Amino acid sequence: MIIEYIIAMLWSLSPFGEAKVGIPYGMYNGLNIYLVFILCFASNVLVFPIMLFFLNKVNHYLLKWRVYKKGAIFVARKAKTGSGDKIKKYGFWGLIFFVMLPVPGTGVYAGTIATYLFKIERKKAFLANVIGIFFSSVIVWVVTYLAMQGMA
C-alpha cells in the first residue's frame with residue numbers, strides 16, 4: 001500500500017500530470033483520500049524550488065547543446081504566448097489563476113517557467129504557485145470524489 005502512495009506522489013512530481021493525476025490515481029486505488037490530498041499537494045509544491053534550481057543552475061550548462069537549446073526555446077515561446085500577456089497584466093493574481101487551472105499545459109511547471117522568464121520575484125511567485133496548486137488540487141480532489149460517488 002505504501003507503494004501506491006509513492007506512485008501517487010511521483011505522479012504529482014511529474015510534468016506529465018502533477019497533482020492532477022496523482023490525486024485521482026491515489027483515490028481510485030483506495031488510498032485514504034485526505035492523506036492522498038496532503039501528500040500529492042506537498043509533492044506538487046516541491047516542484048517549484050526544484051525547477052527554479054534547475055533553471056538557475058543546470059539550464060545554463062545544458063543550453064550549450066543544440067538539441068536542448070532548441071527544445072528550451074520552443075518551451076519558452078509556448079510559455080510566453082500561452083500565458084505571458086495575462087501573467088504580465090495581472091501579475092500575482094494572473095500567476096495564481098494560471099497555475100490553478102486544472103488543464104494540460106498549466107500548473108507549477110509552467111508557472112515556474114513563467115516566473116523564470118518574466119523575472120517575477122521568487123517569494124511572491126512561490127506563494128502564487130502554492131495557492132494555485134492548492135486550488136487546483138481541491139478542484140481535482142472534489143471532482144474525483146464526486147465521480148467515485150457517481151455524482152459527476
# chains A, B, ... in the order shown; residues from 1 in each chain; ligands from 1

call {"tool": "residues_around", "arguments": {"residues": "A:Lys80", "least_positions_apart": "2", "cutoff": "12 Å", "atoms": "only C-alpha atoms", "output": "ChimeraX atom specification"}}
result
/A:73-78,82-88,110-111,113-118

call {"tool": "write_last_selection", "arguments": {"atoms": "C-alpha atoms", "output": "mmCIF file, in the first residue's frame"}}
result
data_model
loop_
_atom_site.group_PDB
_atom_site.id
_atom_site.type_symbol
_atom_site.label_atom_id
_atom_site.label_comp_id
_atom_site.auth_asym_id
_atom_site.auth_seq_id
_atom_site.Cartn_x
_atom_site.Cartn_y
_atom_site.Cartn_z
ATOM 1 C CA ILE A 73 13.439 27.879 -26.915
ATOM 2 C CA PHE A 74 10.288 26.043 -28.036
ATOM 3 C CA VAL A 75 9.055 25.719 -24.428
ATOM 4 C CA ALA A 76 9.903 29.374 -23.678
ATOM 5 C CA ARG A 77 7.971 30.577 -26.721
ATOM 6 C CA LYS A 78 4.957 28.448 -25.798
ATOM 7 C CA GLY A 82 0.226 30.978 -23.810
ATOM 8 C CA SER A 83 0.433 32.876 -20.569
ATOM 9 C CA GLY A 84 2.690 35.867 -20.980
ATOM 10 C CA ASP A 85 0.142 38.604 -21.520
ATOM 11 C CA LYS A 86 -2.111 37.524 -18.681
ATOM 12 C CA ILE A 87 0.683 36.990 -16.189
ATOM 13 C CA LYS A 88 2.315 40.308 -17.076
ATOM 14 C CA ALA A 110 4.506 26.245 -16.462
ATOM 15 C CA GLY A 111 4.200 28.673 -13.540
ATOM 16 C CA ILE A 113 8.956 28.683 -16.229
ATOM 17 C CA ALA A 114 6.854 31.863 -16.371
ATOM 18 C CA THR A 115 8.461 33.015 -13.108
ATOM 19 C CA TYR A 116 11.890 32.472 -14.619
ATOM 20 C CA LEU A 117 11.115 34.062 -18.000
ATOM 21 C CA PHE A 118 9.319 37.124 -16.660
#

call {"tool": "residues_around", "arguments": {"residues": "A:Pro104", "least_positions_apart": "3", "cutoff": "9 Å", "atoms": "only C-alpha atoms", "output": "PyMOL selection string"}}
result
chain A and resi 16-17+101+107

call {"tool": "closest_residue", "arguments": {"among": "A:Val108, A:Val58, A:Ala128, A:Met27", "to": "A:Leu13", "atoms": "only C-alpha atoms"}}
result
A:Val108

call {"tool": "residues_around", "arguments": {"residues": "A:Ser137", "least_positions_apart": "6", "cutoff": "8 Å", "atoms": "only C-alpha atoms", "output": "list in words"}}
result
Ala19, Lys20, Ile23, Phe37 and Phe41 of chain A

call {"tool": "write_last_selection", "arguments": {"atoms": "N, CA, C and O atoms", "output": "PDB file, in the first residue's frame"}}
result
ATOM      1  N   ALA A  19      -0.320  17.015  -9.592  1.00  0.00           N
ATOM      2  CA  ALA A  19      -1.346  16.518  -8.659  1.00  0.00           C
ATOM      3  C   ALA A  19      -2.652  16.233  -9.393  1.00  0.00           C
ATOM      4  O   ALA A  19      -3.505  15.523  -8.882  1.00  0.00           O
ATOM      5  N   LYS A  20      -2.785  16.748 -10.613  1.00  0.00           N
ATOM      6  CA  LYS A  20      -3.978  16.499 -11.420  1.00  0.00           C
ATOM      7  C   LYS A  20      -4.118  15.024 -11.763  1.00  0.00           C
ATOM      8  O   LYS A  20      -5.200  14.560 -12.091  1.00  0.00           O
ATOM      9  N   ILE A  23      -3.589  12.749  -7.503  1.00  0.00           N
ATOM     10  CA  ILE A  23      -4.756  12.666  -6.611  1.00  0.00           C
ATOM     11  C   ILE A  23      -5.757  11.618  -7.107  1.00  0.00           C
ATOM     12  O   ILE A  23      -6.132  10.728  -6.348  1.00  0.00           O
ATOM     13  N   PHE A  37      -4.552  13.631  -0.686  1.00  0.00           N
ATOM     14  CA  PHE A  37      -4.577  15.064  -0.985  1.00  0.00           C
ATOM     15  C   PHE A  37      -3.337  15.752  -0.422  1.00  0.00           C
ATOM     16  O   PHE A  37      -2.652  16.492  -1.131  1.00  0.00           O
ATOM     17  N   PHE A  41      -0.416  17.177  -2.837  1.00  0.00           N
ATOM     18  CA  PHE A  41      -0.268  18.629  -2.793  1.00  0.00           C
ATOM     19  C   PHE A  41       1.167  19.000  -2.411  1.00  0.00           C
ATOM     20  O   PHE A  41       1.814  19.807  -3.077  1.00  0.00           O
TER      21      PHE A  41
END

call {"tool": "closest_residue", "arguments": {"among": "A:Phe97, A:Gly105, A:Met9, A:Ala147", "to": "A:Asn44", "atoms": "only C-alpha atoms"}}
result
A:Met9

call {"tool": "select_by_dssp", "arguments": {"residues": "chain A", "states": "alpha helix (DSSP H)", "output": "MDAnalysis selection string"}}
result
chainID A and resid 2:13 19:28 33:53 59:62 66:100 108:117 122:148

call {"tool": "atom_distance", "arguments": {"atom1": "atom CA of A:Gly91", "atom2": "atom CA of A:Phe48"}}
result
17.3 Å

call {"tool": "atom_distance", "arguments": {"atom1": "atom CA of A:Leu31", "atom2": "atom CA of A:Val45"}}
result
20.4 Å

call {"tool": "closest_residue", "arguments": {"among": "A:Asn56, A:Asn29, A:Thr112, A:Thr81", "to": "A:Ile133", "atoms": "only C-alpha atoms"}}
result
A:Thr112

call {"tool": "atom_distance", "arguments": {"atom1": "atom CA of A:Glu121", "atom2": "atom CA of A:Ile96"}}
result
13.8 Å
